[in-house]
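**Q** Please read through the structure below; I'll follow up with questions.
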Amino acid sequence: MLSKKLSNITPSYTIGISTKVNELKSQGIDIINLSIGEPDFFTPDAAKECAVNAIHANKSKYDDAAGLKALRSAIKEKLKKENNIDYDIEEIVVSSGAKHAITNTLIALLDDGDEVIIPKPYWVSYSEMVKLTGGSPVFIKTKKENDFKLTASELEESISSKSKLLFITNPSNPTGAVYSKEELSDIVDVCLKNNIYIISDEIYEKICYADEYTSIASLSKEAKEITVTINGLSKSAAMTGWRIGYSACTRKIAKAIGAIQGHLVSHPSTIAQWSAYGALTLCRDEMAKMVSIYKSRRDRATMLLSKINKLSFINPQGAFYLFIDISKFKDSFNFSDSFSIAFCDKLLEEYKVAVVPGIAFGMDDFIRISYACDISDVEEGIKRLKDFVESI
Ligand code: PMP
Ligand code: GLU
């Protein structure tokens, strides 16, 4: 009955775990939730007020498929000022979250069987989005000693005549690694030589603790031509439920994305778009405050984790995740399919800590924890993780 496309699609692990945690919590069970990557902060007041004002001003009619002009102008300004990329508003499309912006892009660019290169570890939804839009995901192994960042030579080795697109997530989910300008330039050179487009997922770009952040499209005119920049408000402004993200790219691709969106959803909710407008134009200070709190949690979490024997992790330079190597415990587990799922199930069942199994990101010897939660939860969660691994 169901489409063949769905035969090898798995539901989102991150969303699934979070639903399970909410269920357990509603039964009164004390769970420390370090699973889903969702800011614990609330949407800044000024952004909420913009939405309320929009409701009262009846700004609730159909509008441009590509998004409100005022919001696209604010995004244009942001990309110019903060990311050093000069996009016209016709090159920007506002969508219902970065997820939707990525899916629109894949529909616009992929023909059946086109290969999409995805460096491992990868964010949980990329492979499924590619399969759903007719593409074929090709995973590249990266090296732990390079913080699992893709190198130009690793990319070169995985290119075939069917390669069409490359995903780069910067900062990375799940590792928090941040690419340097030089690393990105080398990757862009390979893409330019081989006619490969780049989806540059920059959803965590504001949450960056490194001294320098580079957007791929800012590297050169040529880099900008082959790049679709993806961003949104979910993480930077703690606006996950409002569902506002965006893509910025060449006029030709943006026009295609606008047409696709016009048929599928018309445009994201106008009220949510006004709220995003408020966030971008009025809430810089609140956003910066959130980042400094994430940074102090990162420092505390890495200090506590470094004291646990047999666990190692990538030192994150951005986002709010820690990708932890649990391979030293593999021999102590009985599992049929996935070691990381068995590890996480036991941690949840016996120590009441929810984390995401590495298999969700294509790497079964790892787990991911999120520190987008109160510092007391970060501390208690890591303490229970320590007790758990010491009991193994
Ligand atoms: N990209 C990455 C790397 C993510 O972690 C997420 C998580 N939500 C998204 C895209 C999607 O974000 P949004 O809420 O804007 O759809
Ligand atoms: N992106 C976040 C995560 O990786 C939120 C959940 C999701 O959209 O997958 O946990």
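The way I read the labels, and the way they are meant: chains A, B, ... in the order of the structure tokens, residue 1 as the first residue of every chain, and ligand 1 as the first ligand shown, with later ones counted on from there.
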Report as a PDB file with N, CA, C and O atoms, in the first residue's frame all protein, DNA and RNA residues lying within 9 Å of segment 257-266 of chain A, evaluated on only C-alpha atoms, omitting residues in the same chain fewer than 3 positions from it.
**A**
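And here's out_1.pdb as it stands now:
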ATOM      1  N   TYR A  62      -2.935  35.396   3.114  1.00  0.00           N
ATOM      2  CA  TYR A  62      -1.873  34.811   2.291  1.00  0.00           C
ATOM      3  C   TYR A  62      -0.864  35.904   1.925  1.00  0.00           C
ATOM      4  O   TYR A  62      -1.221  37.078   1.767  1.00  0.00           O
ATOM      5  N   ASP A  63       0.386  35.501   1.759  1.00  0.00           N
ATOM      6  CA  ASP A  63       1.415  36.486   1.385  1.00  0.00           C
ATOM      7  C   ASP A  63       2.356  35.840   0.357  1.00  0.00           C
ATOM      8  O   ASP A  63       2.035  34.789  -0.201  1.00  0.00           O
ATOM      9  N   ASP A  64       3.523  36.437   0.136  1.00  0.00           N
ATOM     10  CA  ASP A  64       4.451  35.892  -0.866  1.00  0.00           C
ATOM     11  C   ASP A  64       4.853  34.452  -0.512  1.00  0.00           C
ATOM     12  O   ASP A  64       5.184  34.180   0.648  1.00  0.00           O
ATOM     13  N   ALA A  65       4.891  33.569  -1.516  1.00  0.00           N
ATOM     14  CA  ALA A  65       5.295  32.176  -1.273  1.00  0.00           C
ATOM     15  C   ALA A  65       6.709  32.119  -0.695  1.00  0.00           C
ATOM     16  O   ALA A  65       7.035  31.259   0.128  1.00  0.00           O
ATOM     17  N   ALA A  66       7.559  33.052  -1.098  1.00  0.00           N
ATOM     18  CA  ALA A  66       8.961  33.019  -0.639  1.00  0.00           C
ATOM     19  C   ALA A  66       9.127  33.591   0.767  1.00  0.00           C
ATOM     20  O   ALA A  66      10.218  33.533   1.338  1.00  0.00           O
ATOM     21  N   GLY A  67       8.054  34.123   1.318  1.00  0.00           N
ATOM     22  CA  GLY A  67       8.149  34.695   2.671  1.00  0.00           C
ATOM     23  C   GLY A  67       7.912  36.192   2.649  1.00  0.00           C
ATOM     24  O   GLY A  67       8.052  36.847   1.598  1.00  0.00           O
ATOM     25  N   ILE A  92      16.374  34.687  -1.353  1.00  0.00           N
ATOM     26  CA  ILE A  92      16.077  34.148  -0.018  1.00  0.00           C
ATOM     27  C   ILE A  92      14.648  33.613   0.000  1.00  0.00           C
ATOM     28  O   ILE A  92      13.730  34.280  -0.484  1.00  0.00           O
ATOM     29  N   VAL A  93      14.478  32.410   0.546  1.00  0.00           N
ATOM     30  CA  VAL A  93      13.126  31.857   0.719  1.00  0.00           C
ATOM     31  C   VAL A  93      12.963  31.448   2.179  1.00  0.00           C
ATOM     32  O   VAL A  93      13.806  30.733   2.725  1.00  0.00           O
ATOM     33  N   VAL A  94      11.894  31.934   2.792  1.00  0.00           N
ATOM     34  CA  VAL A  94      11.606  31.578   4.194  1.00  0.00           C
ATOM     35  C   VAL A  94      10.737  30.325   4.182  1.00  0.00           C
ATOM     36  O   VAL A  94       9.753  30.258   3.438  1.00  0.00           O
ATOM     37  N   SER A  95      11.116  29.330   4.990  1.00  0.00           N
ATOM     38  CA  SER A  95      10.370  28.064   4.997  1.00  0.00           C
ATOM     39  C   SER A  95       9.977  27.686   6.420  1.00  0.00           C
ATOM     40  O   SER A  95      10.343  28.363   7.376  1.00  0.00           O
ATOM     41  N   SER A  96       9.255  26.565   6.542  1.00  0.00           N
ATOM     42  CA  SER A  96       8.784  26.138   7.865  1.00  0.00           C
ATOM     43  C   SER A  96       9.878  25.353   8.586  1.00  0.00           C
ATOM     44  O   SER A  96       9.804  24.131   8.723  1.00  0.00           O
ATOM     45  N   ALA A 101      13.441  23.942   4.641  1.00  0.00           N
ATOM     46  CA  ALA A 101      14.323  24.631   3.686  1.00  0.00           C
ATOM     47  C   ALA A 101      15.244  23.607   2.994  1.00  0.00           C
ATOM     48  O   ALA A 101      15.491  23.690   1.783  1.00  0.00           O
ATOM     49  N   ASN A 104      13.055  21.412   0.571  1.00  0.00           N
ATOM     50  CA  ASN A 104      12.765  22.173  -0.654  1.00  0.00           C
ATOM     51  C   ASN A 104      13.977  22.165  -1.586  1.00  0.00           C
ATOM     52  O   ASN A 104      13.855  22.015  -2.800  1.00  0.00           O
ATOM     53  N   THR A 105      15.152  22.369  -1.004  1.00  0.00           N
ATOM     54  CA  THR A 105      16.380  22.430  -1.810  1.00  0.00           C
ATOM     55  C   THR A 105      16.631  21.093  -2.505  1.00  0.00           C
ATOM     56  O   THR A 105      16.990  21.050  -3.685  1.00  0.00           O
ATOM     57  N   ILE A 107      14.395  18.837  -3.301  1.00  0.00           N
ATOM     58  CA  ILE A 107      13.399  18.660  -4.379  1.00  0.00           C
ATOM     59  C   ILE A 107      13.837  19.479  -5.598  1.00  0.00           C
ATOM     60  O   ILE A 107      13.749  19.029  -6.733  1.00  0.00           O
ATOM     61  N   ALA A 108      14.342  20.676  -5.334  1.00  0.00           N
ATOM     62  CA  ALA A 108      14.722  21.565  -6.448  1.00  0.00           C
ATOM     63  C   ALA A 108      15.927  21.036  -7.227  1.00  0.00           C
ATOM     64  O   ALA A 108      16.034  21.253  -8.435  1.00  0.00           O
ATOM     65  N   SER A 247      16.395  29.450   3.250  1.00  0.00           N
ATOM     66  CA  SER A 247      17.497  29.094   2.348  1.00  0.00           C
ATOM     67  C   SER A 247      17.882  30.360   1.599  1.00  0.00           C
ATOM     68  O   SER A 247      17.037  31.233   1.357  1.00  0.00           O
ATOM     69  N   LYS A 252      18.127  31.517  -9.523  1.00  0.00           N
ATOM     70  CA  LYS A 252      17.471  30.437 -10.270  1.00  0.00           C
ATOM     71  C   LYS A 252      16.980  29.336  -9.317  1.00  0.00           C
ATOM     72  O   LYS A 252      15.845  28.876  -9.408  1.00  0.00           O
ATOM     73  N   ILE A 253      17.851  28.953  -8.397  1.00  0.00           N
ATOM     74  CA  ILE A 253      17.442  27.896  -7.446  1.00  0.00           C
ATOM     75  C   ILE A 253      16.371  28.447  -6.502  1.00  0.00           C
ATOM     76  O   ILE A 253      15.389  27.766  -6.201  1.00  0.00           O
ATOM     77  N   ALA A 254      16.541  29.698  -6.067  1.00  0.00           N
ATOM     78  CA  ALA A 254      15.557  30.292  -5.138  1.00  0.00           C
ATOM     79  C   ALA A 254      14.176  30.361  -5.791  1.00  0.00           C
ATOM     80  O   ALA A 254      13.156  30.104  -5.133  1.00  0.00           O
TER      81      ALA A 254
END
**Q** Taking only C-alpha atoms and all ligand atoms into account, list the residues no farther than 10 Å from ligand 2, as a PyMOL selection string.
**A** chain A and resi 12-18+34-39+97-99+122-126+173-174+203-204+234-235+240+320-321+355-356+360-361+368-370+372
**Q** For segment 128-143 of chain A, find every residue with an atom within 12 Å (counting only C-alpha atoms), except residues of its own chain fewer than 6 positions away, and show them as a ChimeraX atom specification.
**A** /A:3-13,99-122,149-160,162-168,199,314,360-363
**Q** A:Asn84, A:Ser185, A:Ser218, A:Thr169: which is nearest ligand 1, counting only C-alpha atoms and all ligand atoms?
**A**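 Going through A:Asn84, A:Ser185, A:Ser218, A:Thr169 one by one, the smallest distance to ligand 1 is for A:Thr169.
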**Q** What is the distance, in Å and to one decimal place, between atom CA of Cys373 of chain A and atom CA of Asp40 of chain A?
**A**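 These atoms are spaced 5.2 Å apart.
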**Q** Separation of atom CA of Thr229 of chain A and atom CA of Phe42 of chain A, in Å?
**A**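 Taking atom CA of Thr229 of chain A and atom CA of Phe42 of chain A, their separation equals 25.7 Å.
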**Q** As a list of chain:residue names, please: the residues near Leu322 of chain A (cut-off 10 Å, only C-alpha atoms, same-chain neighbours under 6 positions excluded).
**A**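 Counting only the stated atoms, we get A:Asn173, A:Pro174, A:Thr175, A:Gly176, A:Ala177, A:Arg298, A:Ala301, A:Thr302, A:Leu305, A:Ser312, A:Phe313, A:Ile314, A:Asn315, A:Pro316, A:Phe366, A:Ile367, A:Arg368, A:Ile369, A:Ser370, A:Tyr371.
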**Q** Residues at most 9 Å from Lys295 of chain A, counting only C-alpha atoms, excluding those fewer than 5 positions away in the same chain, as a PyMOL selection string?
**A** chain A and resi 207-209+290+300+318+320
**Q** Hey, which of A:Leu304, A:Met239, A:Leu184, A:Ile271 ends up closest to ligand 1? Count only C-alpha atoms and all ligand atoms.
**A**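 Counting only C-alpha atoms and all ligand atoms, the residue closest to ligand 1 is A:Met239.
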**Q** If you run DSSP over the backbone, which residues in segment 161-383 of chain A end up helix (DSSP H, G or I)? Put them as a PyMOL selection string.
**A** chain A and resi 181-193+216-218+221-225+240-242+251-264+270-282+284-305+327-332+339-351+358-361+375-383
**Q** Using DSSP assignments from the backbone, pull out every residue in segment 104-350 of chain A that falls under strand (DSSP E) and give it to me as a PyMOL selection string.
**A** chain A and resi 115-119+136-140+163-169+197-201+227-232+245-248+312-313+321-325
**Q** Can you write out the residues you just picked, keeping N, CA and C atoms, as a short mmCIF file (atom, residue, chain, number, x, y, z; two decimals), in the first residue's frame?
**A**
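Result went into selection19.cif, see below:
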data_model
loop_
_atom_site.label_atom_id
_atom_site.label_comp_id
_atom_site.auth_asym_id
_atom_site.auth_seq_id
_atom_site.Cartn_x
_atom_site.Cartn_y
_atom_site.Cartn_z
N GLU A 115 23.43 11.25 -6.56
CA GLU A 115 24.08 10.94 -5.27
C GLU A 115 24.31 12.21 -4.45
N VAL A 116 24.03 12.06 -3.16
CA VAL A 116 24.26 13.17 -2.24
C VAL A 116 25.29 12.71 -1.21
N ILE A 117 26.38 13.44 -1.14
CA ILE A 117 27.49 13.03 -0.27
C ILE A 117 27.25 13.57 1.14
N ILE A 118 27.29 12.65 2.10
CA ILE A 118 26.99 13.02 3.49
C ILE A 118 28.15 12.54 4.39
N PRO A 119 28.95 13.47 4.91
CA PRO A 119 30.05 13.05 5.80
C PRO A 119 29.50 12.49 7.12
N SER A 136 20.15 9.49 -3.63
CA SER A 136 20.79 8.32 -3.05
C SER A 136 21.92 8.80 -2.13
N PRO A 137 21.78 8.58 -0.80
CA PRO A 137 22.83 9.08 0.10
C PRO A 137 24.11 8.27 -0.01
N VAL A 138 25.24 8.95 -0.05
CA VAL A 138 26.54 8.28 -0.06
C VAL A 138 27.30 8.81 1.14
N PHE A 139 27.64 7.91 2.07
CA PHE A 139 28.25 8.37 3.32
C PHE A 139 29.77 8.32 3.21
N ILE A 140 30.43 9.35 3.73
CA ILE A 140 31.90 9.34 3.73
C ILE A 140 32.37 9.22 5.16
N SER A 163 27.52 12.10 -8.53
CA SER A 163 27.53 13.02 -7.37
C SER A 163 26.94 14.36 -7.77
N LYS A 164 25.99 14.84 -6.96
CA LYS A 164 25.33 16.11 -7.30
C LYS A 164 25.48 17.13 -6.18
N LEU A 165 25.45 16.63 -4.95
CA LEU A 165 25.35 17.55 -3.81
C LEU A 165 26.20 17.06 -2.65
N LEU A 166 26.63 18.01 -1.83
CA LEU A 166 27.37 17.67 -0.60
C LEU A 166 26.72 18.40 0.57
N PHE A 167 26.56 17.70 1.69
CA PHE A 167 26.08 18.36 2.91
C PHE A 167 27.28 18.74 3.77
N ILE A 168 27.33 19.99 4.21
CA ILE A 168 28.28 20.40 5.25
C ILE A 168 27.48 21.00 6.39
N THR A 169 27.71 20.53 7.60
CA THR A 169 27.01 21.08 8.77
C THR A 169 28.05 21.79 9.61
N TYR A 197 27.13 20.74 -5.96
CA TYR A 197 26.52 21.80 -5.16
C TYR A 197 26.70 21.49 -3.68
N ILE A 198 26.64 22.53 -2.87
CA ILE A 198 26.81 22.35 -1.42
C ILE A 198 25.56 22.83 -0.70
N ILE A 199 25.05 22.00 0.20
CA ILE A 199 24.05 22.50 1.16
C ILE A 199 24.83 22.81 2.42
N SER A 200 24.95 24.09 2.74
CA SER A 200 25.71 24.48 3.92
C SER A 200 24.72 24.74 5.05
N ASP A 201 24.60 23.77 5.94
CA ASP A 201 23.62 23.86 7.03
C ASP A 201 24.28 24.63 8.18
N THR A 227 26.47 27.19 -3.65
CA THR A 227 26.08 26.91 -2.25
C THR A 227 24.63 27.33 -1.99
N VAL A 228 23.93 26.47 -1.27
CA VAL A 228 22.63 26.87 -0.71
C VAL A 228 22.87 26.99 0.80
N THR A 229 22.76 28.21 1.30
CA THR A 229 22.97 28.46 2.72
C THR A 229 21.65 28.23 3.46
N ILE A 230 21.73 27.39 4.49
CA ILE A 230 20.51 27.08 5.27
C ILE A 230 20.70 27.63 6.68
N ASN A 231 19.67 28.28 7.18
CA ASN A 231 19.73 28.76 8.56
C ASN A 231 18.30 28.89 9.08
N GLY A 232 18.15 29.38 10.29
CA GLY A 232 16.81 29.52 10.85
C GLY A 232 16.86 30.07 12.26
N GLY A 245 12.65 28.75 9.18
CA GLY A 245 14.02 28.59 8.69
C GLY A 245 14.11 29.27 7.33
N TYR A 246 15.27 29.23 6.71
CA TYR A 246 15.36 29.84 5.38
C TYR A 246 16.51 29.27 4.58
N SER A 247 16.39 29.45 3.25
CA SER A 247 17.50 29.09 2.35
C SER A 247 17.88 30.36 1.60
N ALA A 248 19.17 30.45 1.25
CA ALA A 248 19.65 31.57 0.42
C ALA A 248 20.58 30.96 -0.62
N SER A 312 35.81 9.15 25.79
CA SER A 312 36.48 10.31 25.19
C SER A 312 35.46 11.02 24.30
N PHE A 313 35.74 12.27 23.97
CA PHE A 313 34.74 13.05 23.22
C PHE A 313 35.44 14.09 22.37
N TYR A 321 26.13 20.19 21.66
CA TYR A 321 26.18 18.73 21.78
C TYR A 321 27.60 18.27 22.15
N LEU A 322 27.63 17.05 22.75
CA LEU A 322 28.90 16.37 22.96
C LEU A 322 28.78 14.98 22.36
N PHE A 323 29.73 14.63 21.52
CA PHE A 323 29.70 13.32 20.85
C PHE A 323 30.75 12.46 21.55
N ILE A 324 30.25 11.43 22.24
CA ILE A 324 31.10 10.70 23.18
C ILE A 324 31.37 9.28 22.70
N ASP A 325 32.64 8.90 22.70
CA ASP A 325 33.07 7.57 22.26
C ASP A 325 32.85 6.57 23.40
#
**Q** Choose the residue, out of A:Val190, A:Ala256, A:Ala319, A:Ile89, that has the smallest atom-to-atom separation from ligand 1; count only C-alpha atoms and all ligand atoms.
**A**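 When distances to ligand 1 are compared using only C-alpha atoms and all ligand atoms, the smallest one comes from A:Ala319.
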**Q** What does the distance from atom CA of Ser275 of chain A to atom CA of Ala51 of chain A come to in Å, to one decimal?
**A**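 If I compute the distance from atom CA of Ser275 of chain A to atom CA of Ala51 of chain A, I get 4.7 Å.
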**Q** Determine the nearest neighbour of ligand 1 from the options A:Ser172, A:Thr281, A:Ser340, A:Ser236, counting only C-alpha atoms and all ligand atoms.
**A**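 For ligand 1, the nearest of the given residues is A:Ser172.
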**Q** From the set A:Thr250, A:Asn334, A:Asn170, A:Asn33, which residue has the shortest atom-to-atom contact distance to ligand 1, counting only C-alpha atoms and all ligand atoms?
**A** A:Asn170
**Q** Identify which of the residues A:Val353, A:Ala70, A:Ile359, A:Val378 lies closest to Arg297 of chain A, counting only C-alpha atoms when measuring atom-to-atom distances.
**A**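 Answer, going by the shortest atom-to-atom distance: A:Val378.
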**Q** If we count only C-alpha atoms, what is near Glu49 of chain A at a cut-off of 8 Å, once residues fewer than 4 positions away on the same chain are taken out, given as a PyMOL selection string?
**A** chain A and resi 45+53+275+278
